[in-house]
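Below: run_35.pdb (PDB, C-alpha atoms)
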```pdb
MODEL        1
ATOM      1  CA  MET B   1      23.732  68.392 -45.748
ATOM      2  CA  ASN B   2      23.511  66.109 -48.752
ATOM      3  CA  PRO B   3      20.412  67.056 -50.819
ATOM      4  CA  GLY B   4      19.685  63.351 -51.141
ATOM      5  CA  ASP B   5      19.458  62.873 -47.379
ATOM      6  CA  TYR B   6      16.149  62.628 -45.588
ATOM      7  CA  ILE B   7      15.091  65.503 -43.364
ATOM      8  CA  GLY B   8      13.650  63.639 -40.414
ATOM      9  CA  ASN B   9      13.014  59.913 -40.415
ATOM     10  CA  LYS B  10      12.952  57.996 -43.693
ATOM     11  CA  TYR B  11      10.748  55.355 -42.083
ATOM     12  CA  ILE B  12       7.884  57.806 -41.550
ATOM     13  CA  VAL B  13       5.483  55.678 -43.632
ATOM     14  CA  TYR B  14       6.089  52.643 -41.419
ATOM     15  CA  GLN B  15       5.717  54.802 -38.321
ATOM     16  CA  LEU B  16       2.320  56.020 -39.491
ATOM     17  CA  VAL B  17       1.155  52.484 -40.319
ATOM     18  CA  VAL B  18       2.211  51.193 -36.896
ATOM     19  CA  PHE B  19       0.685  54.247 -35.227
ATOM     20  CA  PHE B  20      -2.748  53.910 -36.834
ATOM     21  CA  THR B  21      -2.769  50.131 -36.321
ATOM     22  CA  SER B  22      -1.899  50.456 -32.624
ATOM     23  CA  ALA B  23      -4.458  53.213 -32.067
ATOM     24  CA  LEU B  24      -7.166  51.150 -33.788
ATOM     25  CA  VAL B  25      -6.396  48.001 -31.776
ATOM     26  CA  LEU B  26      -6.440  49.872 -28.451
ATOM     27  CA  GLU B  27      -9.617  51.757 -29.323
ATOM     28  CA  ILE B  28     -11.375  48.529 -30.292
ATOM     29  CA  CYS B  29     -10.313  46.841 -27.036
ATOM     30  CA  VAL B  30     -11.537  49.750 -24.901
ATOM     31  CA  GLY B  31     -14.758  50.070 -26.898
ATOM     32  CA  ILE B  32     -15.567  46.375 -26.594
ATOM     33  CA  PHE B  33     -14.685  46.366 -22.888
ATOM     34  CA  PHE B  34     -16.973  49.295 -22.058
ATOM     35  CA  ILE B  35     -19.794  48.951 -24.578
ATOM     36  CA  PHE B  36     -20.169  45.219 -25.189
ATOM     37  CA  GLY B  37     -18.435  43.489 -22.302
ATOM     38  CA  ASN B  38     -19.415  45.360 -19.120
ATOM     39  CA  PHE B  39     -21.808  48.036 -20.276
ATOM     40  CA  GLU B  40     -24.494  47.305 -17.698
ATOM     41  CA  VAL B  41     -22.003  47.268 -14.811
ATOM     42  CA  PHE B  42     -20.491  50.648 -15.670
ATOM     43  CA  LYS B  43     -23.825  52.145 -16.676
ATOM     44  CA  ASP B  44     -25.236  51.505 -13.188
ATOM     45  CA  ALA B  45     -22.184  53.166 -11.621
ATOM     46  CA  ILE B  46     -22.594  56.421 -13.577
ATOM     47  CA  TYR B  47     -24.130  59.253 -11.587
ATOM     48  CA  VAL B  48     -26.998  61.082 -13.274
ATOM     49  CA  PRO B  49     -27.384  64.753 -12.226
ATOM     50  CA  SER B  50     -30.714  65.723 -10.721
ATOM     51  CA  PHE B  51     -31.537  68.206 -13.501
ATOM     52  CA  ILE B  52     -31.636  65.368 -16.061
ATOM     53  CA  SER B  53     -35.049  63.732 -16.136
ATOM     54  CA  GLU B  54     -35.554  59.985 -15.903
ATOM     55  CA  LYS B  55     -36.578  59.962 -19.543
ATOM     56  CA  TYR B  56     -33.082  60.993 -20.681
ATOM     57  CA  ALA B  57     -31.076  59.161 -17.995
ATOM     58  CA  LYS B  58     -30.293  56.192 -20.231
ATOM     59  CA  SER B  59     -29.209  58.453 -23.098
ATOM     60  CA  TYR B  60     -27.009  60.422 -20.715
ATOM     61  CA  LYS B  61     -25.265  57.255 -19.487
ATOM     62  CA  ASN B  62     -24.710  56.087 -23.067
ATOM     63  CA  PHE B  63     -23.207  59.464 -23.886
ATOM     64  CA  VAL B  64     -20.822  59.259 -20.902
ATOM     65  CA  ILE B  65     -19.633  55.775 -21.913
ATOM     66  CA  LEU B  66     -19.029  56.896 -25.497
ATOM     67  CA  SER B  67     -17.240  60.037 -24.268
ATOM     68  CA  ILE B  68     -14.877  57.935 -22.147
ATOM     69  CA  THR B  69     -14.121  55.700 -25.118
ATOM     70  CA  PHE B  70     -13.512  58.565 -27.540
ATOM     71  CA  THR B  71     -11.470  60.521 -24.983
ATOM     72  CA  PHE B  72      -9.156  57.536 -24.670
ATOM     73  CA  GLY B  73      -8.895  57.449 -28.468
ATOM     74  CA  GLN B  74      -7.974  61.130 -28.594
ATOM     75  CA  CYS B  75      -5.335  60.607 -25.902
ATOM     76  CA  ILE B  76      -3.530  57.782 -27.697
ATOM     77  CA  THR B  77      -3.826  59.658 -31.009
ATOM     78  CA  SER B  78      -2.223  62.776 -29.508
ATOM     79  CA  CYS B  79       0.578  60.719 -27.958
ATOM     80  CA  GLY B  80       1.202  59.024 -31.299
ATOM     81  CA  PHE B  81       1.458  62.297 -33.191
ATOM     82  CA  VAL B  82       3.811  63.768 -30.558
ATOM     83  CA  PHE B  83       5.998  60.665 -30.738
ATOM     84  CA  ILE B  84       6.241  60.804 -34.544
ATOM     85  CA  LEU B  85       7.005  64.532 -34.389
ATOM     86  CA  CYS B  86       9.756  63.935 -31.822
ATOM     87  CA  CYS B  87      11.327  61.123 -33.848
ATOM     88  CA  ASN B  88      11.579  63.327 -36.927
ATOM     89  CA  LEU B  89      12.802  66.468 -35.155
ATOM     90  CA  TYR B  90      15.308  64.609 -32.989
ATOM     91  CA  GLY B  91      16.457  62.589 -35.994
ATOM     92  CA  THR B  92      17.164  65.769 -37.954
ATOM     93  CA  LEU B  93      19.002  67.255 -34.965
ATOM     94  CA  GLU B  94      21.153  64.123 -34.714
ATOM     95  CA  LYS B  95      22.132  64.456 -38.394
ATOM     96  CA  LEU B  96      23.142  68.078 -37.904
ATOM     97  CA  ILE B  97      25.290  67.152 -34.901
ATOM     98  CA  VAL B  98      26.961  64.331 -36.842
ATOM     99  CA  MET B  99      27.579  66.686 -39.769
ATOM    100  CA  TYR B 100      29.292  69.261 -37.536
ATOM    101  CA  LYS B 101      31.277  66.537 -35.762
ATOM    102  CA  ASP B 102      32.552  65.182 -39.094
ATOM    103  CA  LYS B 103      33.450  68.704 -40.180
ATOM    104  CA  LEU B 104      35.600  69.176 -37.066
ATOM    105  CA  LYS B 105      37.209  65.791 -37.610
ATOM    106  CA  LYS B 106      38.228  66.712 -41.152
ATOM    107  CA  ARG B 107      39.577  70.068 -39.969
ATOM    108  CA  SER B 108      41.656  68.267 -37.367
ATOM    109  CA  GLN B 109      43.058  65.787 -39.875
ATOM    110  CA  ARG B 110      43.966  68.380 -42.506
ATOM    111  CA  MET B 111      44.834  71.180 -40.053
ATOM    112  CA  VAL B 112      43.484  73.847 -42.412
ATOM    113  CA  TRP B 113      42.746  76.261 -39.564
ATOM    114  CA  ASN B 114      42.801  80.022 -40.025
ATOM    115  CA  VAL B 115      40.737  82.953 -38.784
ATOM    116  CA  GLU B 116      38.150  82.554 -41.560
ATOM    117  CA  THR B 117      37.583  78.823 -41.110
ATOM    118  CA  ILE B 118      37.432  79.097 -37.323
ATOM    119  CA  THR B 119      34.904  81.918 -37.609
ATOM    120  CA  ASP B 120      32.783  79.732 -39.893
ATOM    121  CA  ASP B 121      32.985  76.861 -37.430
ATOM    122  CA  LEU B 122      32.030  79.166 -34.580
ATOM    123  CA  SER B 123      29.020  80.466 -36.494
ATOM    124  CA  ALA B 124      27.975  76.924 -37.447
ATOM    125  CA  PHE B 125      28.191  75.743 -33.850
ATOM    126  CA  LYS B 126      26.178  78.714 -32.573
ATOM    127  CA  ASN B 127      23.457  77.940 -35.111
ATOM    128  CA  LEU B 128      23.534  74.257 -34.199
ATOM    129  CA  ALA B 129      23.221  74.961 -30.468
ATOM    130  CA  LEU B 130      20.416  77.451 -31.170
ATOM    131  CA  ARG B 131      18.541  74.914 -33.303
ATOM    132  CA  ALA B 132      18.890  72.274 -30.577
ATOM    133  CA  HIS B 133      17.534  74.698 -27.978
ATOM    134  CA  GLU B 134      14.656  75.731 -30.251
ATOM    135  CA  VAL B 135      13.704  72.111 -30.943
ATOM    136  CA  ASP B 136      13.647  71.311 -27.241
ATOM    137  CA  GLU B 137      11.715  74.471 -26.353
ATOM    138  CA  ALA B 138       9.162  73.819 -29.097
ATOM    139  CA  ILE B 139       8.092  70.341 -28.028
ATOM    140  CA  ASN B 140       9.392  69.640 -24.522
ATOM    141  CA  ILE B 141       6.023  70.381 -22.888
ATOM    142  CA  ASN B 142       4.336  67.997 -25.340
ATOM    143  CA  VAL B 143       6.946  65.375 -24.516
ATOM    144  CA  PHE B 144       6.293  65.895 -20.806
ATOM    145  CA  PHE B 145       2.550  65.250 -21.160
ATOM    146  CA  MET B 146       3.189  62.328 -23.522
ATOM    147  CA  TYR B 147       5.389  60.664 -20.900
ATOM    148  CA  GLY B 148       2.740  61.362 -18.277
ATOM    149  CA  ALA B 149       0.005  59.774 -20.409
ATOM    150  CA  ILE B 150       2.125  56.717 -21.239
ATOM    151  CA  ILE B 151       3.160  56.170 -17.624
ATOM    152  CA  GLY B 152      -0.505  56.524 -16.624
ATOM    153  CA  GLY B 153      -1.370  53.887 -19.222
ATOM    154  CA  LEU B 154       1.309  51.598 -17.793
ATOM    155  CA  PHE B 155      -0.126  52.040 -14.291
ATOM    156  CA  ASN B 156      -3.521  51.087 -15.692
ATOM    157  CA  ALA B 157      -2.142  48.054 -17.545
ATOM    158  CA  ILE B 158      -0.269  46.818 -14.454
ATOM    159  CA  SER B 159      -3.408  47.195 -12.338
ATOM    160  CA  LEU B 160      -5.357  45.095 -14.835
ATOM    161  CA  MET B 161      -2.691  42.390 -14.988
ATOM    162  CA  VAL B 162      -2.305  41.892 -11.224
ATOM    163  CA  THR B 163      -5.963  42.174 -10.219
ATOM    164  CA  HIS B 164      -8.035  39.069  -9.475
ATOM    165  CA  ASP B 165     -11.338  40.754 -10.233
ATOM    166  CA  PRO B 166     -13.133  38.597 -12.866
ATOM    167  CA  LEU B 167     -14.606  41.776 -14.339
ATOM    168  CA  PHE B 168     -11.181  42.619 -15.760
ATOM    169  CA  GLN B 169     -10.049  39.074 -16.568
ATOM    170  CA  THR B 170     -11.305  39.140 -20.141
ATOM    171  CA  SER B 171      -9.446  38.499 -23.368
ATOM    172  CA  PHE B 172      -9.798  42.118 -24.478
ATOM    173  CA  SER B 173      -8.436  43.380 -21.155
ATOM    174  CA  ILE B 174      -5.401  41.131 -21.575
ATOM    175  CA  ILE B 175      -4.873  42.303 -25.171
ATOM    176  CA  TYR B 176      -5.192  45.903 -24.003
ATOM    177  CA  SER B 177      -2.651  45.441 -21.180
ATOM    178  CA  ILE B 178      -0.123  43.674 -23.392
ATOM    179  CA  SER B 179      -0.535  46.258 -26.183
ATOM    180  CA  ILE B 180      -0.134  49.223 -23.830
ATOM    181  CA  SER B 181       2.968  47.674 -22.248
ATOM    182  CA  PHE B 182       4.575  46.842 -25.597
ATOM    183  CA  ILE B 183       3.843  50.284 -27.085
ATOM    184  CA  ALA B 184       5.106  52.075 -23.959
ATOM    185  CA  ILE B 185       8.375  50.122 -23.938
ATOM    186  CA  ALA B 186       8.896  50.760 -27.676
ATOM    187  CA  ILE B 187       8.284  54.512 -27.262
ATOM    188  CA  PHE B 188      10.561  54.769 -24.222
ATOM    189  CA  LEU B 189      13.375  52.935 -26.034
ATOM    190  CA  ALA B 190      13.022  55.021 -29.203
ATOM    191  CA  MET B 191      12.902  58.336 -27.317
ATOM    192  CA  ALA B 192      15.808  57.335 -25.086
ATOM    193  CA  GLY B 193      17.813  56.352 -28.164
ATOM    194  CA  HIS B 194      17.291  59.744 -29.791
ATOM    195  CA  GLY B 195      18.029  61.615 -26.570
ATOM    196  CA  SER B 196      21.177  59.603 -25.870
ATOM    197  CA  ASN B 197      22.386  60.098 -29.458
ATOM    198  CA  VAL B 198      22.077  63.872 -29.068
ATOM    199  CA  ILE B 199      23.992  63.778 -25.784
ATOM    200  CA  SER B 200      26.693  61.468 -27.140
ATOM    201  CA  GLY B 201      27.006  63.611 -30.276
ATOM    202  CA  ASN B 202      27.522  66.688 -28.122
ATOM    203  CA  SER B 203      30.163  64.828 -26.095
ATOM    204  CA  GLU B 204      31.893  63.702 -29.278
ATOM    205  CA  ILE B 205      32.028  67.305 -30.541
ATOM    206  CA  LYS B 206      33.697  68.345 -27.280
ATOM    207  CA  ARG B 207      36.182  65.491 -27.611
ATOM    208  CA  GLN B 208      37.017  66.511 -31.180
ATOM    209  CA  MET B 209      37.490  70.113 -30.079
ATOM    210  CA  THR B 210      39.907  69.007 -27.353
ATOM    211  CA  LYS B 211      41.968  67.083 -29.911
ATOM    212  CA  CYS B 212      41.854  70.041 -32.316
ATOM    213  CA  SER B 213      42.986  72.376 -29.557
ATOM    214  CA  ASP B 214      46.094  70.295 -28.833
ATOM    215  CA  LYS B 215      47.060  70.131 -32.510
ATOM    216  CA  PHE B 216      46.279  73.781 -33.146
ATOM    217  CA  ILE B 217      48.487  75.034 -30.313
ATOM    218  CA  ARG B 218      51.445  72.996 -31.571
ATOM    219  CA  LEU B 219      51.355  74.918 -34.876
ATOM    220  CA  SER B 220      52.067  78.235 -33.083
ATOM    221  CA  PRO B 221      49.230  80.092 -34.859
ATOM    222  CA  PRO B 222      49.022  83.903 -35.015
ATOM    223  CA  LEU B 223      47.462  85.697 -32.068
ATOM    224  CA  SER B 224      44.232  86.606 -33.928
ATOM    225  CA  ALA B 225      43.608  82.994 -34.949
ATOM    226  CA  MET B 226      44.386  81.792 -31.428
ATOM    227  CA  GLN B 227      41.911  84.220 -29.865
ATOM    228  CA  VAL B 228      39.091  83.169 -32.205
ATOM    229  CA  PHE B 229      39.906  79.494 -31.653
ATOM    230  CA  ASN B 230      39.844  79.914 -27.866
ATOM    231  CA  PHE B 231      36.464  81.616 -28.150
ATOM    232  CA  LEU B 232      35.130  78.700 -30.211
ATOM    233  CA  PHE B 233      36.600  76.175 -27.777
ATOM    234  CA  GLU B 234      34.997  77.845 -24.754
ATOM    235  CA  ASN B 235      31.610  77.983 -26.511
ATOM    236  CA  VAL B 236      31.737  74.295 -27.359
ATOM    237  CA  MET B 237      32.782  73.249 -23.860
ATOM    238  CA  LYS B 238      30.112  75.330 -22.119
ATOM    239  CA  THR B 239      27.211  74.231 -24.331
ATOM    240  CA  ASP B 240      25.204  71.117 -23.499
ATOM    241  CA  MET B 241      22.750  69.961 -26.148
ATOM    242  CA  VAL B 242      20.028  67.794 -24.618
ATOM    243  CA  VAL B 243      16.364  67.028 -25.173
ATOM    244  CA  THR B 244      14.055  67.176 -22.174
ATOM    245  CA  GLY B 245      10.519  66.610 -21.047
ATOM    246  CA  GLY B 246       9.150  70.003 -20.094
ATOM    247  CA  GLY B 247      12.652  71.047 -19.058
ATOM    248  CA  ILE B 248      12.220  68.834 -15.973
ATOM    249  CA  PHE B 249      13.981  65.606 -16.917
ATOM    250  CA  VAL B 250      16.560  64.721 -19.558
ATOM    251  CA  ILE B 251      15.565  62.045 -22.047
ATOM    252  CA  ASN B 252      18.165  59.261 -22.132
ATOM    253  CA  TYR B 253      18.517  55.588 -21.281
ATOM    254  CA  GLY B 254      18.873  56.398 -17.600
ATOM    255  CA  LEU B 255      15.285  57.654 -17.601
ATOM    256  CA  ILE B 256      14.087  54.163 -18.569
ATOM    257  CA  LEU B 257      15.687  52.710 -15.438
ATOM    258  CA  THR B 258      13.943  55.331 -13.303
ATOM    259  CA  ILE B 259      10.561  54.554 -14.872
ATOM    260  CA  ALA B 260      11.176  50.803 -14.539
ATOM    261  CA  SER B 261      11.935  51.147 -10.825
ATOM    262  CA  VAL B 262       8.726  53.141 -10.299
ATOM    263  CA  MET B 263       6.698  50.552 -12.223
ATOM    264  CA  THR B 264       8.218  47.697 -10.217
ATOM    265  CA  THR B 265       7.443  49.381  -6.907
ATOM    266  CA  TYR B 266       3.882  50.110  -8.031
ATOM    267  CA  SER B 267       3.378  46.494  -9.177
ATOM    268  CA  VAL B 268       4.499  45.107  -5.822
ATOM    269  CA  LEU B 269       2.235  47.497  -3.889
ATOM    270  CA  VAL B 270      -0.805  46.773  -6.064
ATOM    271  CA  LEU B 271      -0.211  43.028  -5.819
ATOM    272  CA  GLN B 272       0.048  43.177  -2.004
ATOM    273  CA  LEU B 273      -3.056  45.344  -1.693
ATOM    274  CA  ASP B 274      -5.013  43.087  -4.036
ATOM    275  CA  GLN B 275      -4.103  40.009  -2.003
ATOM    276  CA  THR B 276      -5.047  41.823   1.204
TER     277      THR B 276
ENDMDL
END
```
How does this structure look as structure tokens?
Amino acid sequence: MNPGDYIGNKYIVYQLVVFFTSALVLEICVGIFFIFGNFEVFKDAIYVPSFISEKYAKSYKNFVILSITFTFGQCITSCGFVFILCCNLYGTLEKLIVMYKDKLKKRSQRMVWNVETITDDLSAFKNLALRAHEVDEAININVFFMYGAIIGGLFNAISLMVTHDPLFQTSFSIIYSISISFIAIAIFLAMAGHGSNVISGNSEIKRQMTKCSDKFIRLSPPLSAMQVFNFLFENVMKTDMVVTGGGIFVINYGLILTIASVMTTYSVLVLQLDQT
């Protein structure tokens, strides 16, 4: 790679600014909603264990409210860090795939194939596929829980938007719902973009290898070069480089449609139940 290129995302500073701003806005909304807006309502609903005396009951309820608020803050902070980590790792993986794809394209144009160059290409592709697998294995469980937390936040935001309970019809509840929805959509689009770029890059490498194979055969290469090339071709065709969430689902634009359909169904059900 070019030494002047960025490893990861060159917009990391802007990502951090947006991340901390979003986390602060959401934490303020939740804190105001629980502590200043409806503190007495939620405080009366908190169960106090029998081993806590009446003298410390109020302090216990205050502690529970603060714990809920700070737990929410830790959740959105963890999701933010996982998202930034994914953007940088996936971005670097995309650059490596593009670099290898361009290398194959130049080989095909110049037709400078021999046993040595094919062996180098084979080694480079093995390392690339290994790096892609290692990246996915390293963070796919974090991605899985991040998606779970964000989808849970969307369920919560939808419930707040469709309910007619005046307790939740406050300005801070509306700001919270809009912020959660906007952040979730932005994260889903960014993650799907990275995942789709990795998949499309892998498909483009396979397409380049198919073109190279046709040209290479026409040159009537020696048997040794042909055997190595066939080995490289089979490796490329059998390997699928993808990024997943916990190894359960593949991250691409199709995943957004699946999530959107689930959210739509949930919204209709909640709206019907609320009217009932």
Q: Can you work out which one of B:Cys87, B:Ala57, B:Met263, B:Asn140 has the shortest atom-to-atom distance to Gly153 of chain B, counting all atoms listed in the file?
A: B:Met263
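Checking B:Leu257, B:Val198, B:Leu128, B:Ile141 one by one against Val236 of chain B, counting all atoms listed in the file, you find the shortest gap at B:Leu128.
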Q.
Can you measure atom CA of Val162 of chain B to atom CA of Tyr147 of chain B for me? One decimal in Å is fine.
A. 22.5 Å
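Going from atom CA of Ala132 of chain B over to atom CA of Met241 of chain B, you cover 6.3 Å.
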**Q.** Residue with smallest distance to Tyr100 of chain B - pool B:Ala192, B:Val135, B:Gln272, B:Leu122, counting only C-alpha atoms
**A.** B:Leu122
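Compared by their closest atoms to Leu89 of chain B, and using all atoms listed in the file, the residues B:Ala23, B:Val270, B:Leu255, B:Ile139 rank with B:Ile139 nearest.
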Q) How would you write as a PyMOL selection string the residues that get within 6 Å of (8.6, 53.2, -20.3) in the file's frame, counting all atoms listed in the file? A) chain B and resi 184-185+188+256+259
May I have the selected residues written with C-alpha atoms, as a short mmCIF file (atom, residue, chain, number, x, y, z; two decimals), in the frame of the given file?
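Printed below is result.cif as written:
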```cif
data_model
loop_
_atom_site.label_atom_id
_atom_site.label_comp_id
_atom_site.auth_asym_id
_atom_site.auth_seq_id
_atom_site.Cartn_x
_atom_site.Cartn_y
_atom_site.Cartn_z
CA ALA B 184 5.11 52.08 -23.96
CA ILE B 185 8.38 50.12 -23.94
CA PHE B 188 10.56 54.77 -24.22
CA ILE B 256 14.09 54.16 -18.57
CA ILE B 259 10.56 54.55 -14.87
#
```
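If you look at atom CA of Asn197 of chain B and atom CA of Glu94 of chain B, they are 6.7 Å away from each other.
Using all atoms listed in the file, the smallest distance between any of B:Ile97, B:Leu16, B:Ile180, B:Leu104 and Val82 of chain B comes from B:Leu16.
When only C-alpha atoms are used to measure the gap to Leu93 of chain B, the shortest distance among B:Thr265, B:Ser53, B:Asn127, B:Asn62 belongs to B:Asn127.
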Where's the centre, and what are the edge lengths in Å to one decimal, of a box along x, y and z enclosing all listed atoms of segment 153-160 of chain B padded 5 Å per side, as JSON?
```
{"center_x": -2.0, "center_y": 49.5, "center_z": -15.8, "size_x": 16.7, "size_y": 18.8, "size_z": 16.9}
```
